[in-house]
Number of protein chains: 2
Amino acid sequence: MASPQLTSIRSPRVAAARRLAKRAFRSADGRFLAEGPQAVREAAASPGVLIEVFSTAEAAQRHADLLDACQQAGAPVALVSGEVMASIAQTVTPQGIAAVCHRLDVTIDEALAKPPRLVTVLVDARDPGNTGTVIRTADAAGADAIVLTGGSVDPYNGKCVRATAGSIFHVPLVVAGPVEPAVDRLREAGLGILAADGAGDVDLDSALDSGSLERPTAWLFGNEAWGLPDSVRALADAVIRVPIHGRAESLNLAAAAAVCLYASARAHRRSTSRALP
Amino acid sequence: MASPQLTSIRSPRVAAARRLAKRAFRSADGRFLAEGPQAVREAAASPGVLIEVFSTAEAAQRHADLLDACQQAGAPVALVSGEVMASIAQTVTPQGIAAVCHRLDVTIDEALAKPPRLVTVLVDARDPGNTGTVIRTADAAGADAIVLTGGSVDPYNGKCVRATAGSIFHVPLVVAGPVEPAVDRLREAGLGILAADGAGDVDLDSALDSGSLERPTAWLFGNEAWGLPDSVRALADAVIRVPIHGRAESLNLAAAAAVCLYASARAHRRSTSRALP
């Protein structure tokens, strides 16, 4: 087994990777940390994303193909001691491999360059796990872009990146500022704007039945605790509620997003199949 | 402000509440801890569940009505110091109110006493947050029962209870042993058995189109990492996959359950409305 090249947690390269645990440094550096073989594999497959890879000797044996792929992607691979990996990793039980990556987000114009059919907008989403799960679900549902607005959590937070299970590398991601200009831009791109809210006027089943989910749609989802403020609901063409058939007070953000996004995906594909000769 | 009655973390009542952080003691005592005003309110509204309530003086001022409701439900309320609350609470930032509750689960026969239409079965679900979210989503989708089988996490784990957002008090919950006899019993109760798996033969949209979701259904959901084993998939009438339209490898457990359970809820309600004169 090769001996580690980096054994000091004081090495400048190690310190530069470690500081990516903090949002301020991620912003200043324009970089984030992808941890674990799955995330590093996705990073290596994304052109121009990978900067540098750290691996323990044990992980290098287990994932030799992956480290080859990283080197072919032009990223140097450093073998590190377990102590160094523990100092870089943002997880309690590091998986032995981590990559420093360029941030992935694009402008809203770049994200909407191809005519979009389904866009996910998060407004003031604060929980990194929930946000990452919504990104993963949006990817699965075939979303064309994900737009984070208002005071939403940094998508490069380690917990968020892990919850995306690789999907942060798949779907164009926009870190927008205030929600209103983002919604204007989405409307210009031909999208109907639907707000998801437990207090919505229209239930999702009725929206499906009426055909109003068949047009290209941007869904707005609010904060985990307080939903969407009135001012944001007012921007939407309709406020839709997922029906609560039992006694639950509400759905959690990621579950509500899953139900809404898959309802749109189904409506879009049914309308397409009806339109075929 | 009233002064605390319990100020020592060594008090036997406090120690008895604190030990409910461990699964072995929850099992031995048949009790669990519900934390925060929302959970305590649900416990107080559930006949025969509440045993004892602890509150800081500050929380008692903020939630006077709730503590009245607890006393009316026959549960003694003890004012405790902040130090005692911190020693009982399983959260880093306690909300100042917690209740010791009798466990809620019933036998599978009790859960199926009324003819069920929608049942959620978890097989070897290990993550308490995911499990709690599935319980909350199943409640929202109108499930008649939730059955935990195999090596599933203890639903009375504090993180699971919190993730249910009160729904653990709403839906009949069964802590079953092995999955096979549970599935036999669900079939006897007239339920079709559908397994949700990313490698399923039938996609959910096709299942909806074919009408096969209209009959009463028990959904089997597997472990977060490895899904359902072959032996469990073989118990089902069909193995259904949620379609992946984008590049995500899979959905997370709670998102997949949300999409499947809401598809069933919609199919059941459409078939009912079609059957009306």
# chains A, B, ... in the order shown; residues from 1 in each chain; ligands from 1
>>> select_by_dssp(residues="region 124-275 of chain A", states="alpha helix (DSSP H)", output="MDAnalysis selection string")
chainID A and resid 128:140 158:163 179:188 204:210 230:233 253:275
>>> residues_around(residues="His170 (chain A)", least_positions_apart="5", cutoff="8 Å", atoms="only C-alpha atoms", output="JSON, numbers by chain")
{"A": [139], "B": [247, 248]}
>>> closest_atom_pairs(of="chain B", to="chain A", cutoff="8 Å", atoms="only C-alpha atoms", output="CSV")
residue,atom,partner,partner_atom,distance
B:Thr133,CA,A:Asn252,CA,7.4
B:Arg136,CA,A:Ala248,CA,6.4
B:Thr137,CA,A:Leu251,CA,6.1
B:Asp139,CA,A:Gly246,CA,5.1
B:Ala140,CA,A:Ile244,CA,4.8
B:Ala141,CA,A:His245,CA,5.2
B:Gly142,CA,A:Gly246,CA,4.2
B:Ala143,CA,A:Gly246,CA,7.1
B:Ala165,CA,A:Ala248,CA,7.9
B:Gly166,CA,A:Ala248,CA,7.3
B:Ser167,CA,A:Ala248,CA,5.7
B:His170,CA,A:Arg247,CA,6.4
B:Asp205,CA,A:Arg266,CA,7.1
B:Pro243,CA,A:Ala140,CA,7.7
B:Ile244,CA,A:Ala140,CA,4.8
B:His245,CA,A:Gly142,CA,4.5
B:Gly246,CA,A:Gly142,CA,4.1
B:Arg247,CA,A:Asp139,CA,6.3
B:Ala248,CA,A:Ala140,CA,5.0
B:Glu249,CA,A:Ala140,CA,7.7
B:Ser250,CA,A:Ala140,CA,7.0
B:Leu251,CA,A:Thr137,CA,6.1
B:Asn252,CA,A:Thr133,CA,7.3
B:Ala254,CA,A:Ala255,CA,6.7
B:Ala255,CA,A:Ala255,CA,5.3
B:Ala256,CA,A:Ala258,CA,7.7
B:Ala258,CA,A:Ala255,CA,5.6
B:Val259,CA,A:Val259,CA,5.2
B:Tyr262,CA,A:Val259,CA,7.0
B:Arg266,CA,A:Asp205,CA,7.1
>>> residues_around(residues="region 231-236 of chain B", least_positions_apart="4", cutoff="12 Å", atoms="only C-alpha atoms", output="PDB file with C-alpha atoms, in the first residue's frame")
ATOM      1  CA  VAL B 121     -45.209  -1.430   5.698  1.00  0.00           C
ATOM      2  CA  LEU B 122     -41.568  -0.622   6.427  1.00  0.00           C
ATOM      3  CA  VAL B 123     -39.044  -3.437   6.063  1.00  0.00           C
ATOM      4  CA  ASP B 124     -35.685  -2.936   7.789  1.00  0.00           C
ATOM      5  CA  THR B 149     -41.231  -5.205  10.267  1.00  0.00           C
ATOM      6  CA  GLY B 150     -37.866  -6.915  10.268  1.00  0.00           C
ATOM      7  CA  PRO B 178     -40.698 -10.860  10.532  1.00  0.00           C
ATOM      8  CA  VAL B 179     -42.263  -9.473   7.382  1.00  0.00           C
ATOM      9  CA  GLU B 180     -43.741 -12.691   5.945  1.00  0.00           C
ATOM     10  CA  PRO B 181     -46.481 -13.414   8.530  1.00  0.00           C
ATOM     11  CA  ALA B 182     -47.342  -9.703   8.548  1.00  0.00           C
ATOM     12  CA  VAL B 183     -47.833  -9.766   4.763  1.00  0.00           C
ATOM     13  CA  ASP B 184     -49.973 -12.913   5.055  1.00  0.00           C
ATOM     14  CA  LEU B 186     -52.482  -8.040   5.368  1.00  0.00           C
ATOM     15  CA  ARG B 187     -53.510 -10.214   2.421  1.00  0.00           C
ATOM     16  CA  LEU B 191     -55.203  -5.918   0.721  1.00  0.00           C
ATOM     17  CA  GLY B 192     -53.201  -6.222  -2.477  1.00  0.00           C
ATOM     18  CA  ILE B 193     -49.474  -6.206  -1.746  1.00  0.00           C
ATOM     19  CA  LEU B 194     -47.279  -3.798  -3.719  1.00  0.00           C
ATOM     20  CA  ALA B 195     -43.532  -3.553  -3.185  1.00  0.00           C
ATOM     21  CA  ALA B 196     -41.833  -0.234  -4.005  1.00  0.00           C
ATOM     22  CA  ASP B 197     -38.393  -0.755  -5.488  1.00  0.00           C
ATOM     23  CA  GLY B 198     -36.220   1.165  -7.905  1.00  0.00           C
ATOM     24  CA  ALA B 199     -35.705  -2.072  -9.848  1.00  0.00           C
ATOM     25  CA  GLY B 200     -39.445  -2.823 -10.105  1.00  0.00           C
ATOM     26  CA  ASP B 201     -40.974  -4.280 -13.299  1.00  0.00           C
ATOM     27  CA  THR B 217     -53.271  -1.790  -0.966  1.00  0.00           C
ATOM     28  CA  ALA B 218     -50.441  -2.453   1.455  1.00  0.00           C
ATOM     29  CA  TRP B 219     -47.202  -0.854   0.246  1.00  0.00           C
ATOM     30  CA  LEU B 220     -43.877  -2.415   1.243  1.00  0.00           C
ATOM     31  CA  PHE B 221     -40.922  -0.017   1.472  1.00  0.00           C
ATOM     32  CA  GLY B 222     -37.359  -1.207   2.055  1.00  0.00           C
ATOM     33  CA  ASN B 223     -34.160  -0.085   3.667  1.00  0.00           C
ATOM     34  CA  GLY B 227     -34.076  -1.470  -0.761  1.00  0.00           C
ATOM     35  CA  ILE B 240     -43.492  -0.999  -8.644  1.00  0.00           C
ATOM     36  CA  ARG B 241     -40.815   1.567  -9.409  1.00  0.00           C
TER      37      ARG B 241
END
>>> select_by_dssp(residues="region 29-272 of chain B", states="strand (DSSP E)", output="ChimeraX atom specification")
/B:31-35,50-56,77-80,97-102,118-123,145-149,173-175,192-196,202-203,217-221,238-241
>>> write_last_selection(atoms="N, CA and C atoms", output="short mmCIF file (atom, residue, chain, number, x, y, z; two decimals), in the first residue's frame")
data_model
loop_
_atom_site.label_atom_id
_atom_site.label_comp_id
_atom_site.auth_asym_id
_atom_site.auth_seq_id
_atom_site.Cartn_x
_atom_site.Cartn_y
_atom_site.Cartn_z
N ARG B 31 -42.55 2.59 27.66
CA ARG B 31 -42.79 4.04 27.67
C ARG B 31 -41.86 4.74 26.70
N PHE B 32 -42.21 5.95 26.31
CA PHE B 32 -41.31 6.78 25.52
C PHE B 32 -41.52 8.24 25.87
N LEU B 33 -40.63 9.08 25.37
CA LEU B 33 -40.67 10.50 25.68
C LEU B 33 -41.15 11.28 24.46
N ALA B 34 -42.16 12.13 24.67
CA ALA B 34 -42.61 13.05 23.62
C ALA B 34 -42.14 14.44 24.01
N GLU B 35 -41.41 15.08 23.12
CA GLU B 35 -40.81 16.38 23.43
C GLU B 35 -41.44 17.51 22.64
N LEU B 50 -50.86 9.62 28.08
CA LEU B 50 -50.01 10.48 28.88
C LEU B 50 -49.80 9.91 30.28
N ILE B 51 -48.54 9.87 30.72
CA ILE B 51 -48.24 9.38 32.07
C ILE B 51 -47.84 10.54 32.98
N GLU B 52 -46.94 11.38 32.49
CA GLU B 52 -46.37 12.42 33.36
C GLU B 52 -45.77 13.50 32.47
N VAL B 53 -45.88 14.76 32.90
CA VAL B 53 -45.40 15.87 32.08
C VAL B 53 -44.38 16.68 32.88
N PHE B 54 -43.30 17.07 32.22
CA PHE B 54 -42.30 17.95 32.81
C PHE B 54 -42.29 19.26 32.03
N SER B 55 -42.22 20.37 32.76
CA SER B 55 -42.19 21.66 32.08
C SER B 55 -41.30 22.61 32.86
N THR B 56 -40.55 23.43 32.16
CA THR B 56 -39.85 24.52 32.83
C THR B 56 -40.89 25.59 33.17
N VAL B 77 -48.28 17.19 36.34
CA VAL B 77 -47.33 18.09 35.68
C VAL B 77 -46.32 18.54 36.72
N ALA B 78 -45.04 18.32 36.45
CA ALA B 78 -43.98 18.76 37.37
C ALA B 78 -43.22 19.92 36.75
N LEU B 79 -43.10 21.01 37.50
CA LEU B 79 -42.23 22.10 37.06
C LEU B 79 -40.79 21.71 37.37
N VAL B 80 -39.92 21.87 36.41
CA VAL B 80 -38.53 21.45 36.58
C VAL B 80 -37.59 22.59 36.25
N ILE B 97 -40.72 21.50 27.41
CA ILE B 97 -41.85 20.67 27.83
C ILE B 97 -41.68 19.28 27.23
N ALA B 98 -41.93 18.27 28.06
CA ALA B 98 -41.74 16.89 27.61
C ALA B 98 -42.70 16.01 28.40
N ALA B 99 -43.14 14.93 27.77
CA ALA B 99 -44.09 14.04 28.43
C ALA B 99 -43.63 12.60 28.33
N VAL B 100 -43.76 11.89 29.44
CA VAL B 100 -43.58 10.44 29.42
C VAL B 100 -44.91 9.83 28.99
N CYS B 101 -44.86 8.97 27.97
CA CYS B 101 -46.07 8.39 27.38
C CYS B 101 -46.01 6.87 27.38
N HIS B 102 -47.18 6.24 27.50
CA HIS B 102 -47.26 4.79 27.22
C HIS B 102 -47.01 4.56 25.74
N LEU B 118 -55.55 1.41 2.91
CA LEU B 118 -54.17 1.78 2.61
C LEU B 118 -53.31 1.53 3.85
N VAL B 119 -52.32 0.66 3.70
CA VAL B 119 -51.42 0.33 4.80
C VAL B 119 -49.98 0.52 4.33
N THR B 120 -49.15 1.07 5.21
CA THR B 120 -47.73 1.30 4.91
C THR B 120 -46.90 0.31 5.71
N VAL B 121 -46.07 -0.45 5.03
CA VAL B 121 -45.21 -1.43 5.70
C VAL B 121 -43.75 -1.04 5.48
N LEU B 122 -43.00 -0.88 6.55
CA LEU B 122 -41.57 -0.62 6.43
C LEU B 122 -40.80 -1.89 6.76
N VAL B 123 -39.84 -2.22 5.90
CA VAL B 123 -39.04 -3.44 6.06
C VAL B 123 -37.59 -3.01 6.29
N ALA B 145 -53.03 2.17 8.68
CA ALA B 145 -52.10 1.57 9.65
C ALA B 145 -50.69 1.66 9.09
N ILE B 146 -49.74 1.61 10.01
CA ILE B 146 -48.32 1.57 9.66
C ILE B 146 -47.72 0.35 10.36
N VAL B 147 -47.05 -0.49 9.60
CA VAL B 147 -46.50 -1.73 10.15
C VAL B 147 -44.99 -1.71 9.98
N LEU B 148 -44.27 -1.79 11.09
CA LEU B 148 -42.80 -1.84 11.04
C LEU B 148 -42.38 -3.30 11.19
N THR B 149 -41.62 -3.79 10.23
CA THR B 149 -41.23 -5.21 10.27
C THR B 149 -39.72 -5.35 10.21
N LEU B 173 -50.27 1.93 14.83
CA LEU B 173 -48.88 1.57 14.56
C LEU B 173 -48.66 0.15 15.06
N VAL B 174 -48.08 -0.69 14.22
CA VAL B 174 -47.81 -2.08 14.58
C VAL B 174 -46.31 -2.30 14.54
N VAL B 175 -45.75 -2.80 15.64
CA VAL B 175 -44.35 -3.20 15.63
C VAL B 175 -44.35 -4.72 15.47
N GLY B 192 -54.23 -5.87 -1.51
CA GLY B 192 -53.20 -6.22 -2.48
C GLY B 192 -51.86 -5.78 -1.93
N ILE B 193 -50.80 -6.51 -2.29
CA ILE B 193 -49.47 -6.21 -1.75
C ILE B 193 -48.60 -5.65 -2.87
N LEU B 194 -48.18 -4.40 -2.74
CA LEU B 194 -47.28 -3.80 -3.72
C LEU B 194 -45.95 -3.49 -3.05
N ALA B 195 -44.86 -3.89 -3.69
CA ALA B 195 -43.53 -3.55 -3.19
C ALA B 195 -43.01 -2.37 -3.99
N ALA B 196 -42.44 -1.38 -3.31
CA ALA B 196 -41.83 -0.23 -4.00
C ALA B 196 -40.34 -0.49 -4.10
N VAL B 202 -42.78 -2.70 -13.00
CA VAL B 202 -43.90 -1.87 -13.47
C VAL B 202 -43.66 -0.46 -12.97
N ASP B 203 -43.82 0.54 -13.85
CA ASP B 203 -43.64 1.88 -13.28
C ASP B 203 -44.96 2.40 -12.72
N THR B 217 -54.68 -1.47 -0.74
CA THR B 217 -53.27 -1.79 -0.97
C THR B 217 -52.43 -1.66 0.30
N ALA B 218 -51.54 -2.61 0.50
CA ALA B 218 -50.44 -2.45 1.46
C ALA B 218 -49.17 -2.25 0.65
N TRP B 219 -48.47 -1.15 0.92
CA TRP B 219 -47.20 -0.85 0.25
C TRP B 219 -46.04 -1.31 1.11
N LEU B 220 -45.11 -2.04 0.54
CA LEU B 220 -43.88 -2.42 1.24
C LEU B 220 -42.74 -1.49 0.79
N PHE B 221 -42.08 -0.86 1.76
CA PHE B 221 -40.92 -0.02 1.47
C PHE B 221 -39.71 -0.60 2.19
N ALA B 238 -46.98 -7.23 -7.09
CA ALA B 238 -46.21 -6.55 -8.14
C ALA B 238 -45.14 -5.71 -7.46
N VAL B 239 -44.03 -5.52 -8.18
CA VAL B 239 -42.96 -4.65 -7.70
C VAL B 239 -42.99 -3.38 -8.58
N ILE B 240 -43.23 -2.26 -7.94
CA ILE B 240 -43.49 -1.00 -8.64
C ILE B 240 -42.29 -0.09 -8.46
N ARG B 241 -41.86 0.56 -9.56
CA ARG B 241 -40.81 1.57 -9.41
C ARG B 241 -41.39 2.95 -9.69
#
>>> residues_around(residues="Arg215 (chain A)", least_positions_apart="4", cutoff="10 Å", atoms="only C-alpha atoms", output="VMD selection string")
chain A and resid 117 to 118 190 to 192 211 264 267 to 268 271
>>> atom_distance(atom1="CA of Gly177 (chain A)", atom2="CA of Arg18 (chain A)")
27.2 Å
>>> residues_around(residues="region 58-64 of chain B", least_positions_apart="5", cutoff="12 Å", atoms="only C-alpha atoms", output="list in words")
Met1, Ala2, Ser3, Pro4, Gly36, Pro37, Gln38, Val40, Arg41, Val53, Ala69, Cys70, Gln71, Val77, Ala78, Leu79, Val80, Ser81, Gly82, Met85, Pro94, Gln95, Gly96, Ile97 and Ala98 of chain B
>>> atom_distance(atom1="CA of Asp209 (chain B)", atom2="CA of Thr272 (chain B)")
15.9 Å
>>> atom_distance(atom1="CA of Leu104 (chain A)", atom2="CA of Ala125 (chain A)")
18.8 Å
